[in-house]
Amino acid sequence: MAEAFVTASEVLRRVIEGESLNTALAELRRTPPERTLFAAAQDLCYNALRGYGVLDVALERLLDKPLTDSRLRALLLAASAELAARPQSAHAVVHQAVEATAALGCRRAKGLVNAVLRNFQRRMAPLLLEIGRTEVGRYRHPQWWIDTLRNAYPHDWEAVLLHSNGHPPMTLRVNRRRVSVNAYIERLKQSGFPARALGAEAVLLEKPCRVDLLPGFHAGEVSVQDAGAQRAAHYLDVHDGMRVLDACAAPGGKTGHILELASCDVLAVDSDGTRASRIADNLRRLQLSAKLVVGDSADPSSFWEGVPFDRILLDAPCSASGVVRRHPDIRWQRRASDISKFARTQSRLLEALWRVLRPGGKLLYTTCSVFPEENRVQTAAFLDRHPDATLLPLAGVMRSGEDVEGDRSTAPCLAFPADGQLLTCAESDGFYYAVLEKKGDGFPGLSANGDC
């Protein structure tokens, strides 16, 4: 455990200093520790970040003065999270954390770490109860985040917050070009991985497992993708022979799903060359192909060849507030001011891409956010600016066959159509979808500088 604490402390230190958890873990994988050690360290990081709103406050009250060493702070966060989760193993946790202190090069702080953790062990119950009386402590989200959801969903904000603190399910997408859902579920059961169908191509594992253990994964028969994210390719309504633009496409999960559903001419664009390479990797594993371009989707003149698209998928950059179960660091690294910045980027992308959509074509606008400013407010503003745009109903594609009027948001526990009616969506992360159809007969095209 001492080695796991050392590894987790290094990752958490980088997160505390502003790096994303994904990036810090990816860096660790480049010089990977032994698999079991990496898994243990990753669990420590996730537990510490899920409990950060409580643990950080607890440490402030246990320390006589602020702790400026981010390595020690990260170690104390990881160890206190483990103490809270496994109080029956307190002696081992404290001992191993003290050993990790020396391994971090902070030998002089061993007494401090021992004293803080022993004090936390003794005072844990009343301390956590006291912190839990505050909203930040109870819901483990920043106050501005809590207030935003309460204003947006006055009857359901609490359920969204509580579910956001849970552990995400592991959902698979079966490549129906290669195997049926029922046949694949049977293969999973034979391999010791019980699962059930969620609808369409989605399959929910009863217990998560390593990706490389999934039957047929390397052969492209299945991918890992959240059930909510799998709605995108269906809502896009793709058919054989269509020209499709997947904007902001990396890492390529939705690109692959589109090509699994129809034989399309797909152009996948992303501004990040490193992330764009993952699109190629995913398509290669699925034995599918698309044209890949590293470019700015807000400037179509940099990649557009003059022929309008039948379908455009805009999976827009956003706050990622709907996927915090998988990325618990996001809630602590975001600021309230970030939301309007994302909204401005989303607006620019919508305006730019609308110009390269053919009349009668459809643009699917989606985010992994639950904040209205990035979702229904964004869509409403676009419709106000564009009399040539129509908001289409969304056909239910997962469990029921219902049509949902207008746009739709999913949260970890709920779905919010435009009228505010609640629909059960227990297996999904938080996603927003709006299908915009372009009216009119003409196509203005673009000049060399991208203007209509």
# chains A, B, ... in the order shown; residues from 1 in each chain; ligands from 1

call {"tool": "select_by_dssp", "arguments": {"residues": "segment 168-288 of chain A", "states": "alpha helix (DSSP H)", "output": "VMD selection string"}}
result
chain A and resid 181 to 190 231 to 235 253 to 261 273 to 286

call {"tool": "write_last_selection", "arguments": {"atoms": "N, CA, C and O atoms", "output": "short mmCIF file (atom, residue, chain, number, x, y, z; two decimals), in the first residue's frame"}}
result
data_model
loop_
_atom_site.label_atom_id
_atom_site.label_comp_id
_atom_site.auth_asym_id
_atom_site.auth_seq_id
_atom_site.Cartn_x
_atom_site.Cartn_y
_atom_site.Cartn_z
N VAL A 181 -26.49 -8.44 -30.56
CA VAL A 181 -26.43 -8.15 -29.13
C VAL A 181 -26.65 -9.43 -28.33
O VAL A 181 -25.91 -9.71 -27.38
N ASN A 182 -27.66 -10.19 -28.67
CA ASN A 182 -27.97 -11.41 -27.91
C ASN A 182 -26.82 -12.40 -27.97
O ASN A 182 -26.48 -13.03 -26.96
N ALA A 183 -26.22 -12.54 -29.15
CA ALA A 183 -25.10 -13.48 -29.29
C ALA A 183 -23.91 -13.01 -28.46
O ALA A 183 -23.21 -13.84 -27.84
N TYR A 184 -23.68 -11.72 -28.43
CA TYR A 184 -22.53 -11.22 -27.67
C TYR A 184 -22.77 -11.36 -26.17
O TYR A 184 -21.84 -11.70 -25.42
N ILE A 185 -23.98 -11.11 -25.71
CA ILE A 185 -24.29 -11.29 -24.29
C ILE A 185 -24.05 -12.74 -23.89
O ILE A 185 -23.52 -13.00 -22.79
N GLU A 186 -24.40 -13.66 -24.75
CA GLU A 186 -24.15 -15.07 -24.44
C GLU A 186 -22.66 -15.36 -24.35
O GLU A 186 -22.21 -16.10 -23.47
N ARG A 187 -21.87 -14.76 -25.24
CA ARG A 187 -20.41 -14.94 -25.18
C ARG A 187 -19.84 -14.36 -23.88
O ARG A 187 -18.93 -14.93 -23.27
N LEU A 188 -20.38 -13.22 -23.46
CA LEU A 188 -19.94 -12.63 -22.20
C LEU A 188 -20.21 -13.57 -21.04
O LEU A 188 -19.35 -13.78 -20.17
N LYS A 189 -21.40 -14.13 -21.00
CA LYS A 189 -21.76 -15.04 -19.91
C LYS A 189 -20.84 -16.25 -19.90
O LYS A 189 -20.41 -16.72 -18.83
N GLN A 190 -20.56 -16.79 -21.07
CA GLN A 190 -19.66 -17.95 -21.15
C GLN A 190 -18.25 -17.60 -20.68
O GLN A 190 -17.51 -18.47 -20.22
N ARG A 231 -26.59 7.23 -27.85
CA ARG A 231 -27.77 7.81 -28.49
C ARG A 231 -27.40 8.66 -29.70
O ARG A 231 -28.19 8.83 -30.62
N ALA A 232 -26.19 9.21 -29.68
CA ALA A 232 -25.82 10.21 -30.68
C ALA A 232 -25.96 9.69 -32.11
O ALA A 232 -26.60 10.33 -32.96
N ALA A 233 -25.37 8.55 -32.40
CA ALA A 233 -25.38 8.04 -33.77
C ALA A 233 -26.81 7.74 -34.24
O ALA A 233 -27.13 7.92 -35.42
N HIS A 234 -27.68 7.32 -33.32
CA HIS A 234 -29.07 7.05 -33.68
C HIS A 234 -29.83 8.35 -33.93
O HIS A 234 -30.59 8.47 -34.90
N TYR A 235 -29.65 9.33 -33.05
CA TYR A 235 -30.34 10.61 -33.23
C TYR A 235 -29.89 11.31 -34.51
O TYR A 235 -30.64 12.09 -35.10
N GLY A 253 -15.23 7.52 -30.61
CA GLY A 253 -16.27 6.54 -30.26
C GLY A 253 -17.53 6.72 -31.09
O GLY A 253 -18.11 5.75 -31.60
N LYS A 254 -17.97 7.97 -31.23
CA LYS A 254 -19.18 8.23 -32.01
C LYS A 254 -18.92 8.05 -33.50
O LYS A 254 -19.81 7.62 -34.25
N THR A 255 -17.70 8.36 -33.96
CA THR A 255 -17.35 8.13 -35.36
C THR A 255 -17.52 6.65 -35.70
O THR A 255 -18.12 6.29 -36.72
N GLY A 256 -16.97 5.80 -34.85
CA GLY A 256 -17.08 4.37 -35.08
C GLY A 256 -18.52 3.90 -35.09
O GLY A 256 -18.92 3.07 -35.93
N HIS A 257 -19.32 4.42 -34.17
CA HIS A 257 -20.72 4.00 -34.08
C HIS A 257 -21.49 4.39 -35.34
O HIS A 257 -22.32 3.62 -35.85
N ILE A 258 -21.24 5.59 -35.87
CA ILE A 258 -21.89 6.02 -37.11
C ILE A 258 -21.60 5.03 -38.23
O ILE A 258 -22.50 4.60 -38.97
N LEU A 259 -20.34 4.64 -38.36
CA LEU A 259 -19.94 3.74 -39.43
C LEU A 259 -20.44 2.32 -39.21
O LEU A 259 -20.60 1.56 -40.16
N GLU A 260 -20.69 1.95 -37.96
CA GLU A 260 -21.30 0.65 -37.68
C GLU A 260 -22.76 0.61 -38.11
O GLU A 260 -23.28 -0.45 -38.47
N LEU A 261 -23.43 1.77 -38.07
CA LEU A 261 -24.85 1.82 -38.39
C LEU A 261 -25.13 1.98 -39.87
O LEU A 261 -26.19 1.56 -40.35
N GLY A 273 -4.06 17.09 -32.58
CA GLY A 273 -3.45 16.01 -33.35
C GLY A 273 -3.25 14.73 -32.57
O GLY A 273 -3.45 13.63 -33.10
N THR A 274 -2.87 14.86 -31.31
CA THR A 274 -2.66 13.67 -30.49
C THR A 274 -3.97 12.93 -30.27
O THR A 274 -4.04 11.70 -30.41
N ARG A 275 -5.03 13.68 -29.93
CA ARG A 275 -6.33 13.05 -29.74
C ARG A 275 -6.88 12.51 -31.05
O ARG A 275 -7.54 11.47 -31.08
N ALA A 276 -6.60 13.19 -32.15
CA ALA A 276 -7.09 12.73 -33.45
C ALA A 276 -6.49 11.37 -33.82
O ALA A 276 -7.14 10.56 -34.49
N SER A 277 -5.26 11.12 -33.37
CA SER A 277 -4.65 9.82 -33.66
C SER A 277 -5.41 8.68 -33.02
O SER A 277 -5.39 7.54 -33.51
N ARG A 278 -6.14 8.98 -31.94
CA ARG A 278 -6.93 7.94 -31.29
C ARG A 278 -8.14 7.56 -32.14
O ARG A 278 -8.64 6.43 -32.05
N ILE A 279 -8.63 8.50 -32.96
CA ILE A 279 -9.71 8.16 -33.88
C ILE A 279 -9.23 7.06 -34.83
O ILE A 279 -9.93 6.07 -35.06
N ALA A 280 -8.04 7.26 -35.38
CA ALA A 280 -7.48 6.27 -36.30
C ALA A 280 -7.31 4.92 -35.61
O ALA A 280 -7.61 3.87 -36.19
N ASP A 281 -6.82 4.94 -34.38
CA ASP A 281 -6.63 3.68 -33.64
C ASP A 281 -7.96 2.96 -33.44
O ASP A 281 -8.05 1.73 -33.63
N ASN A 282 -8.99 3.71 -33.06
CA ASN A 282 -10.30 3.09 -32.83
C ASN A 282 -10.88 2.52 -34.12
O ASN A 282 -11.43 1.41 -34.13
N LEU A 283 -10.79 3.28 -35.19
CA LEU A 283 -11.34 2.80 -36.46
C LEU A 283 -10.57 1.59 -36.98
O LEU A 283 -11.15 0.67 -37.57
N ARG A 284 -9.26 1.58 -36.77
CA ARG A 284 -8.46 0.44 -37.19
C ARG A 284 -8.89 -0.82 -36.46
O ARG A 284 -9.01 -1.90 -37.06
N ARG A 285 -9.13 -0.70 -35.16
CA ARG A 285 -9.58 -1.87 -34.39
C ARG A 285 -10.95 -2.34 -34.86
O ARG A 285 -11.21 -3.55 -34.93
N LEU A 286 -11.82 -1.41 -35.23
CA LEU A 286 -13.17 -1.76 -35.69
C LEU A 286 -13.19 -2.18 -37.16
O LEU A 286 -14.24 -2.59 -37.67
#

call {"tool": "closest_atom_pairs", "arguments": {"of": "segment 197-308 of chain A", "to": "segment 336-348 of chain A", "cutoff": "10 Å", "atoms": "only C-alpha atoms", "output": "JSON lines"}}
result
{"residue": "A:Ser297", "atom": "CA", "partner": "A:Arg348", "partner_atom": "CA", "distance": 9.3}
{"residue": "A:Ala298", "atom": "CA", "partner": "A:Arg348", "partner_atom": "CA", "distance": 6.2}
{"residue": "A:Asp299", "atom": "CA", "partner": "A:Arg348", "partner_atom": "CA", "distance": 9.2}

call {"tool": "closest_residue", "arguments": {"among": "A:Glu60, A:Glu99, A:Glu206, A:Asp237", "to": "Asn114 of chain A", "atoms": "only C-alpha atoms"}}
result
A:Glu99

call {"tool": "select_by_dssp", "arguments": {"residues": "segment 261-349 of chain A", "states": "strand (DSSP E or B)", "output": "PyMOL selection string"}}
result
chain A and resi 265-270+291-294+309-315

call {"tool": "write_last_selection", "arguments": {"atoms": "N, CA, C and O atoms", "output": "JSON list (two decimals), in the first residue's frame"}}
result
[["chain", "number", "residue", "atom", "x", "y", "z"],
["A", 265, "ASP", "N", -19.93, 8.23, -46.00],
["A", 265, "ASP", "CA", -18.69, 8.93, -46.31],
["A", 265, "ASP", "C", -18.45, 9.91, -45.17],
["A", 265, "ASP", "O", -19.05, 10.99, -45.13],
["A", 266, "VAL", "N", -17.61, 9.52, -44.20],
["A", 266, "VAL", "CA", -17.45, 10.28, -42.97],
["A", 266, "VAL", "C", -16.15, 11.06, -42.98],
["A", 266, "VAL", "O", -15.08, 10.50, -43.26],
["A", 267, "LEU", "N", -16.25, 12.35, -42.66],
["A", 267, "LEU", "CA", -15.08, 13.18, -42.41],
["A", 267, "LEU", "C", -15.04, 13.47, -40.92],
["A", 267, "LEU", "O", -15.97, 14.06, -40.36],
["A", 268, "ALA", "N", -13.98, 13.04, -40.25],
["A", 268, "ALA", "CA", -13.81, 13.25, -38.81],
["A", 268, "ALA", "C", -12.76, 14.32, -38.59],
["A", 268, "ALA", "O", -11.62, 14.19, -39.05],
["A", 269, "VAL", "N", -13.13, 15.39, -37.89],
["A", 269, "VAL", "CA", -12.25, 16.54, -37.68],
["A", 269, "VAL", "C", -12.03, 16.75, -36.19],
["A", 269, "VAL", "O", -12.98, 16.67, -35.40],
["A", 270, "ASP", "N", -10.79, 17.01, -35.82],
["A", 270, "ASP", "CA", -10.49, 17.41, -34.44],
["A", 270, "ASP", "C", -9.27, 18.32, -34.46],
["A", 270, "ASP", "O", -8.36, 18.15, -35.29],
["A", 291, "LYS", "N", -12.26, 9.60, -43.38],
["A", 291, "LYS", "CA", -11.22, 10.58, -43.66],
["A", 291, "LYS", "C", -10.99, 11.39, -42.40],
["A", 291, "LYS", "O", -11.93, 11.94, -41.82],
["A", 292, "LEU", "N", -9.75, 11.48, -41.95],
["A", 292, "LEU", "CA", -9.41, 12.18, -40.72],
["A", 292, "LEU", "C", -8.65, 13.46, -41.05],
["A", 292, "LEU", "O", -7.73, 13.45, -41.87],
["A", 293, "VAL", "N", -9.04, 14.55, -40.40],
["A", 293, "VAL", "CA", -8.40, 15.84, -40.61],
["A", 293, "VAL", "C", -8.14, 16.49, -39.25],
["A", 293, "VAL", "O", -9.03, 16.51, -38.39],
["A", 294, "VAL", "N", -6.93, 16.99, -39.06],
["A", 294, "VAL", "CA", -6.64, 17.82, -37.89],
["A", 294, "VAL", "C", -6.93, 19.26, -38.29],
["A", 294, "VAL", "O", -6.26, 19.83, -39.15],
["A", 309, "PHE", "N", -22.78, 18.81, -46.41],
["A", 309, "PHE", "CA", -22.96, 17.55, -45.69],
["A", 309, "PHE", "C", -24.45, 17.26, -45.47],
["A", 309, "PHE", "O", -25.25, 18.16, -45.24],
["A", 310, "ASP", "N", -24.77, 15.97, -45.53],
["A", 310, "ASP", "CA", -26.14, 15.54, -45.23],
["A", 310, "ASP", "C", -26.39, 15.53, -43.73],
["A", 310, "ASP", "O", -27.52, 15.78, -43.27],
["A", 311, "ARG", "N", -25.38, 15.20, -42.98],
["A", 311, "ARG", "CA", -25.49, 15.13, -41.52],
["A", 311, "ARG", "C", -24.21, 15.71, -40.90],
["A", 311, "ARG", "O", -23.10, 15.48, -41.41],
["A", 312, "ILE", "N", -24.39, 16.42, -39.80],
["A", 312, "ILE", "CA", -23.24, 16.93, -39.04],
["A", 312, "ILE", "C", -23.46, 16.59, -37.57],
["A", 312, "ILE", "O", -24.52, 16.88, -37.00],
["A", 313, "LEU", "N", -22.46, 15.98, -36.97],
["A", 313, "LEU", "CA", -22.46, 15.73, -35.52],
["A", 313, "LEU", "C", -21.52, 16.73, -34.88],
["A", 313, "LEU", "O", -20.32, 16.72, -35.16],
["A", 314, "LEU", "N", -22.07, 17.60, -34.04],
["A", 314, "LEU", "CA", -21.25, 18.53, -33.26],
["A", 314, "LEU", "C", -21.29, 18.10, -31.80],
["A", 314, "LEU", "O", -22.22, 18.41, -31.07],
["A", 315, "ASP", "N", -20.28, 17.35, -31.42],
["A", 315, "ASP", "CA", -20.10, 16.96, -30.01],
["A", 315, "ASP", "C", -19.22, 18.05, -29.40],
["A", 315, "ASP", "O", -18.00, 17.94, -29.38]]

call {"tool": "closest_residue", "arguments": {"among": "A:Glu437, A:Glu374, A:Asp429, A:Asp226", "to": "Pro393 of chain A", "atoms": "only C-alpha atoms"}}
result
A:Glu437

call {"tool": "residues_around", "arguments": {"residues": "segment 227-229 of chain A", "least_positions_apart": "6", "cutoff": "7 Å", "atoms": "only C-alpha atoms", "output": "PDB file with all heavy atoms, in the first residue's frame"}}
result
ATOM      1  N   THR A 171     -20.509   0.148 -19.688  1.00  0.00           N
ATOM      2  CA  THR A 171     -21.447  -0.170 -20.761  1.00  0.00           C
ATOM      3  C   THR A 171     -20.681  -0.404 -22.050  1.00  0.00           C
ATOM      4  O   THR A 171     -19.728   0.333 -22.365  1.00  0.00           O
ATOM      5  CB  THR A 171     -22.459   0.976 -20.952  1.00  0.00           C
ATOM      6  OG1 THR A 171     -23.048   1.294 -19.693  1.00  0.00           O
ATOM      7  CG2 THR A 171     -23.544   0.582 -21.934  1.00  0.00           C
ATOM      8  N   ALA A 202     -26.487  -1.281 -26.877  1.00  0.00           N
ATOM      9  CA  ALA A 202     -25.885  -1.099 -25.553  1.00  0.00           C
ATOM     10  C   ALA A 202     -26.045  -2.343 -24.687  1.00  0.00           C
ATOM     11  O   ALA A 202     -27.116  -2.937 -24.616  1.00  0.00           O
ATOM     12  CB  ALA A 202     -26.512   0.102 -24.854  1.00  0.00           C
ATOM     13  N   GLU A 427     -28.904   4.331 -16.292  1.00  0.00           N
ATOM     14  CA  GLU A 427     -27.595   3.818 -16.693  1.00  0.00           C
ATOM     15  C   GLU A 427     -26.742   4.833 -17.432  1.00  0.00           C
ATOM     16  O   GLU A 427     -25.643   4.522 -17.861  1.00  0.00           O
ATOM     17  CB  GLU A 427     -27.774   2.574 -17.580  1.00  0.00           C
ATOM     18  CG  GLU A 427     -28.423   1.383 -16.883  1.00  0.00           C
ATOM     19  CD  GLU A 427     -29.947   1.433 -16.958  1.00  0.00           C
ATOM     20  OE1 GLU A 427     -30.475   2.377 -17.600  1.00  0.00           O
ATOM     21  OE2 GLU A 427     -30.602   0.551 -16.387  1.00  0.00           O
ATOM     22  N   SER A 428     -27.248   6.055 -17.613  1.00  0.00           N
ATOM     23  CA  SER A 428     -26.570   7.018 -18.483  1.00  0.00           C
ATOM     24  C   SER A 428     -25.807   8.072 -17.709  1.00  0.00           C
ATOM     25  O   SER A 428     -26.198   8.467 -16.622  1.00  0.00           O
ATOM     26  CB  SER A 428     -27.606   7.703 -19.375  1.00  0.00           C
ATOM     27  OG  SER A 428     -27.000   8.720 -20.139  1.00  0.00           O
ATOM     28  N   ASP A 429     -24.721   8.552 -18.316  1.00  0.00           N
ATOM     29  CA  ASP A 429     -24.096   9.786 -17.875  1.00  0.00           C
ATOM     30  C   ASP A 429     -24.971  10.948 -18.335  1.00  0.00           C
ATOM     31  O   ASP A 429     -26.034  10.746 -18.930  1.00  0.00           O
ATOM     32  CB  ASP A 429     -22.695   9.910 -18.480  1.00  0.00           C
ATOM     33  CG  ASP A 429     -21.690   8.971 -17.825  1.00  0.00           C
ATOM     34  OD1 ASP A 429     -21.947   8.524 -16.695  1.00  0.00           O
ATOM     35  OD2 ASP A 429     -20.658   8.684 -18.459  1.00  0.00           O
ATOM     36  N   PHE A 431     -25.941  13.737 -20.757  1.00  0.00           N
ATOM     37  CA  PHE A 431     -25.751  14.226 -22.117  1.00  0.00           C
ATOM     38  C   PHE A 431     -26.951  15.065 -22.530  1.00  0.00           C
ATOM     39  O   PHE A 431     -28.064  14.850 -22.053  1.00  0.00           O
ATOM     40  CB  PHE A 431     -25.600  13.064 -23.111  1.00  0.00           C
ATOM     41  CG  PHE A 431     -24.305  12.329 -23.005  1.00  0.00           C
ATOM     42  CD1 PHE A 431     -24.177  11.265 -22.121  1.00  0.00           C
ATOM     43  CD2 PHE A 431     -23.218  12.695 -23.771  1.00  0.00           C
ATOM     44  CE1 PHE A 431     -22.974  10.590 -22.012  1.00  0.00           C
ATOM     45  CE2 PHE A 431     -22.023  12.017 -23.668  1.00  0.00           C
ATOM     46  CZ  PHE A 431     -21.895  10.967 -22.786  1.00  0.00           C
TER      47      PHE A 431
END

call {"tool": "closest_residue", "arguments": {"among": "A:Ser301, A:Gln96, A:Asn151, A:Ser9", "to": "Leu77 of chain A", "atoms": "only C-alpha atoms"}}
result
A:Ser9

call {"tool": "atom_distance", "arguments": {"atom1": "atom CA of Thr7 of chain A", "atom2": "atom CA of Tyr139 of chain A"}}
result
27.6 Å

call {"tool": "residues_around", "arguments": {"residues": "segment 51-54 of chain A", "least_positions_apart": "2", "cutoff": "8 Å", "atoms": "only C-alpha atoms", "output": "JSON, numbers by chain"}}
result
{"A": [47, 48, 49, 56, 57, 58, 77, 81, 128, 131, 132, 136, 137, 140, 141, 142]}

call {"tool": "closest_residue", "arguments": {"among": "A:Gly322, A:Arg376, A:Leu236, A:Ala74", "to": "Val435 of chain A", "atoms": "only C-alpha atoms"}}
result
A:Leu236

call {"tool": "atom_distance", "arguments": {"atom1": "atom CA of Ala78 of chain A", "atom2": "atom CA of Phe5 of chain A"}}
result
7.0 Å

call {"tool": "atom_distance", "arguments": {"atom1": "atom CA of Thr390 of chain A", "atom2": "atom CA of Pro308 of chain A"}}
result
18.1 Å

call {"tool": "residues_around", "arguments": {"residues": "Phe120 of chain A", "least_positions_apart": "5", "cutoff": "10 Å", "atoms": "only C-alpha atoms", "output": "number ranges by chain"}}
result
A: 55, 58-59, 61-62, 80, 83-84, 114-115, 125, 127-128

call {"tool": "write_last_selection", "arguments": {"atoms": "all heavy atoms", "output": "PDB file, in the first residue's frame"}}
result
ATOM      1  N   LEU A  55     -13.044  15.906   2.516  1.00  0.00           N
ATOM      2  CA  LEU A  55     -11.702  15.631   3.032  1.00  0.00           C
ATOM      3  C   LEU A  55     -10.833  16.884   3.094  1.00  0.00           C
ATOM      4  O   LEU A  55     -10.060  17.062   4.038  1.00  0.00           O
ATOM      5  CB  LEU A  55     -11.023  14.570   2.153  1.00  0.00           C
ATOM      6  CG  LEU A  55     -11.739  13.218   2.083  1.00  0.00           C
ATOM      7  CD1 LEU A  55     -11.074  12.323   1.044  1.00  0.00           C
ATOM      8  CD2 LEU A  55     -11.733  12.541   3.449  1.00  0.00           C
ATOM      9  N   ALA A  58     -11.843  18.765   6.092  1.00  0.00           N
ATOM     10  CA  ALA A  58     -11.406  18.054   7.291  1.00  0.00           C
ATOM     11  C   ALA A  58      -9.923  18.301   7.560  1.00  0.00           C
ATOM     12  O   ALA A  58      -9.519  18.551   8.708  1.00  0.00           O
ATOM     13  CB  ALA A  58     -11.678  16.562   7.140  1.00  0.00           C
ATOM     14  N   LEU A  59      -9.088  18.256   6.516  1.00  0.00           N
ATOM     15  CA  LEU A  59      -7.659  18.477   6.703  1.00  0.00           C
ATOM     16  C   LEU A  59      -7.380  19.896   7.186  1.00  0.00           C
ATOM     17  O   LEU A  59      -6.493  20.106   8.028  1.00  0.00           O
ATOM     18  CB  LEU A  59      -6.913  18.210   5.394  1.00  0.00           C
ATOM     19  CG  LEU A  59      -6.815  16.746   4.967  1.00  0.00           C
ATOM     20  CD1 LEU A  59      -6.072  16.626   3.642  1.00  0.00           C
ATOM     21  CD2 LEU A  59      -6.109  15.912   6.038  1.00  0.00           C
ATOM     22  N   ARG A  61      -9.149  21.603   9.129  1.00  0.00           N
ATOM     23  CA  ARG A  61      -9.481  21.681  10.554  1.00  0.00           C
ATOM     24  C   ARG A  61      -8.523  20.861  11.415  1.00  0.00           C
ATOM     25  O   ARG A  61      -8.426  21.096  12.617  1.00  0.00           O
ATOM     26  CB  ARG A  61     -10.917  21.212  10.762  1.00  0.00           C
ATOM     27  CG  ARG A  61     -11.917  22.089  10.024  1.00  0.00           C
ATOM     28  CD  ARG A  61     -13.343  21.733  10.320  1.00  0.00           C
ATOM     29  NE  ARG A  61     -14.254  22.552   9.518  1.00  0.00           N
ATOM     30  CZ  ARG A  61     -15.569  22.501   9.608  1.00  0.00           C
ATOM     31  NH1 ARG A  61     -16.150  21.670  10.462  1.00  0.00           N
ATOM     32  NH2 ARG A  61     -16.323  23.269   8.833  1.00  0.00           N
ATOM     33  N   LEU A  62      -7.820  19.918  10.814  1.00  0.00           N
ATOM     34  CA  LEU A  62      -6.898  19.073  11.569  1.00  0.00           C
ATOM     35  C   LEU A  62      -5.489  19.659  11.616  1.00  0.00           C
ATOM     36  O   LEU A  62      -4.700  19.303  12.496  1.00  0.00           O
ATOM     37  CB  LEU A  62      -6.844  17.673  10.959  1.00  0.00           C
ATOM     38  CG  LEU A  62      -8.124  16.835  11.075  1.00  0.00           C
ATOM     39  CD1 LEU A  62      -8.030  15.602  10.192  1.00  0.00           C
ATOM     40  CD2 LEU A  62      -8.376  16.430  12.520  1.00  0.00           C
ATOM     41  N   SER A  80      -6.543   9.828   4.025  1.00  0.00           N
ATOM     42  CA  SER A  80      -7.772  10.096   4.776  1.00  0.00           C
ATOM     43  C   SER A  80      -8.982   9.502   4.055  1.00  0.00           C
ATOM     44  O   SER A  80      -9.917   9.013   4.710  1.00  0.00           O
ATOM     45  CB  SER A  80      -7.953  11.597   5.003  1.00  0.00           C
ATOM     46  OG  SER A  80      -7.977  12.303   3.778  1.00  0.00           O
ATOM     47  N   LEU A  83      -8.913   5.931   4.983  1.00  0.00           N
ATOM     48  CA  LEU A  83      -9.367   5.754   6.364  1.00  0.00           C
ATOM     49  C   LEU A  83     -10.883   5.811   6.463  1.00  0.00           C
ATOM     50  O   LEU A  83     -11.507   5.022   7.186  1.00  0.00           O
ATOM     51  CB  LEU A  83      -8.758   6.840   7.253  1.00  0.00           C
ATOM     52  CG  LEU A  83      -7.370   6.599   7.831  1.00  0.00           C
ATOM     53  CD1 LEU A  83      -6.915   7.829   8.611  1.00  0.00           C
ATOM     54  CD2 LEU A  83      -7.353   5.377   8.723  1.00  0.00           C
ATOM     55  N   ALA A  84     -11.478   6.763   5.727  1.00  0.00           N
ATOM     56  CA  ALA A  84     -12.936   6.894   5.755  1.00  0.00           C
ATOM     57  C   ALA A  84     -13.611   5.683   5.135  1.00  0.00           C
ATOM     58  O   ALA A  84     -14.677   5.250   5.587  1.00  0.00           O
ATOM     59  CB  ALA A  84     -13.360   8.166   5.029  1.00  0.00           C
ATOM     60  N   ASN A 114       1.626  11.129  10.578  1.00  0.00           N
ATOM     61  CA  ASN A 114       1.112  10.204  11.591  1.00  0.00           C
ATOM     62  C   ASN A 114       0.118  10.909  12.522  1.00  0.00           C
ATOM     63  O   ASN A 114      -0.971  10.395  12.803  1.00  0.00           O
ATOM     64  CB  ASN A 114       2.275   9.627  12.402  1.00  0.00           C
ATOM     65  CG  ASN A 114       1.799   8.640  13.442  1.00  0.00           C
ATOM     66  OD1 ASN A 114       1.389   7.516  13.142  1.00  0.00           O
ATOM     67  ND2 ASN A 114       1.845   9.049  14.709  1.00  0.00           N
ATOM     68  N   ALA A 115       0.476  12.108  12.973  1.00  0.00           N
ATOM     69  CA  ALA A 115      -0.379  12.838  13.916  1.00  0.00           C
ATOM     70  C   ALA A 115      -1.706  13.243  13.274  1.00  0.00           C
ATOM     71  O   ALA A 115      -2.775  13.105  13.882  1.00  0.00           O
ATOM     72  CB  ALA A 115       0.357  14.068  14.436  1.00  0.00           C
ATOM     73  N   ALA A 125     -15.891  10.576  13.005  1.00  0.00           N
ATOM     74  CA  ALA A 125     -17.364  10.562  13.011  1.00  0.00           C
ATOM     75  C   ALA A 125     -17.955  11.955  13.246  1.00  0.00           C
ATOM     76  O   ALA A 125     -18.757  12.439  12.431  1.00  0.00           O
ATOM     77  CB  ALA A 125     -17.879   9.562  14.035  1.00  0.00           C
ATOM     78  N   LEU A 127     -16.482  14.868  12.993  1.00  0.00           N
ATOM     79  CA  LEU A 127     -15.970  15.811  12.006  1.00  0.00           C
ATOM     80  C   LEU A 127     -16.737  15.682  10.690  1.00  0.00           C
ATOM     81  O   LEU A 127     -17.174  16.685  10.100  1.00  0.00           O
ATOM     82  CB  LEU A 127     -14.480  15.563  11.789  1.00  0.00           C
ATOM     83  CG  LEU A 127     -13.687  16.603  10.983  1.00  0.00           C
ATOM     84  CD1 LEU A 127     -13.815  17.981  11.599  1.00  0.00           C
ATOM     85  CD2 LEU A 127     -12.217  16.182  10.900  1.00  0.00           C
ATOM     86  N   LEU A 128     -16.931  14.446  10.224  1.00  0.00           N
ATOM     87  CA  LEU A 128     -17.658  14.234   8.976  1.00  0.00           C
ATOM     88  C   LEU A 128     -19.124  14.615   9.123  1.00  0.00           C
ATOM     89  O   LEU A 128     -19.741  15.120   8.173  1.00  0.00           O
ATOM     90  CB  LEU A 128     -17.528  12.775   8.526  1.00  0.00           C
ATOM     91  CG  LEU A 128     -16.112  12.294   8.173  1.00  0.00           C
ATOM     92  CD1 LEU A 128     -16.152  10.873   7.636  1.00  0.00           C
ATOM     93  CD2 LEU A 128     -15.451  13.230   7.166  1.00  0.00           C
TER      94      LEU A 128
END
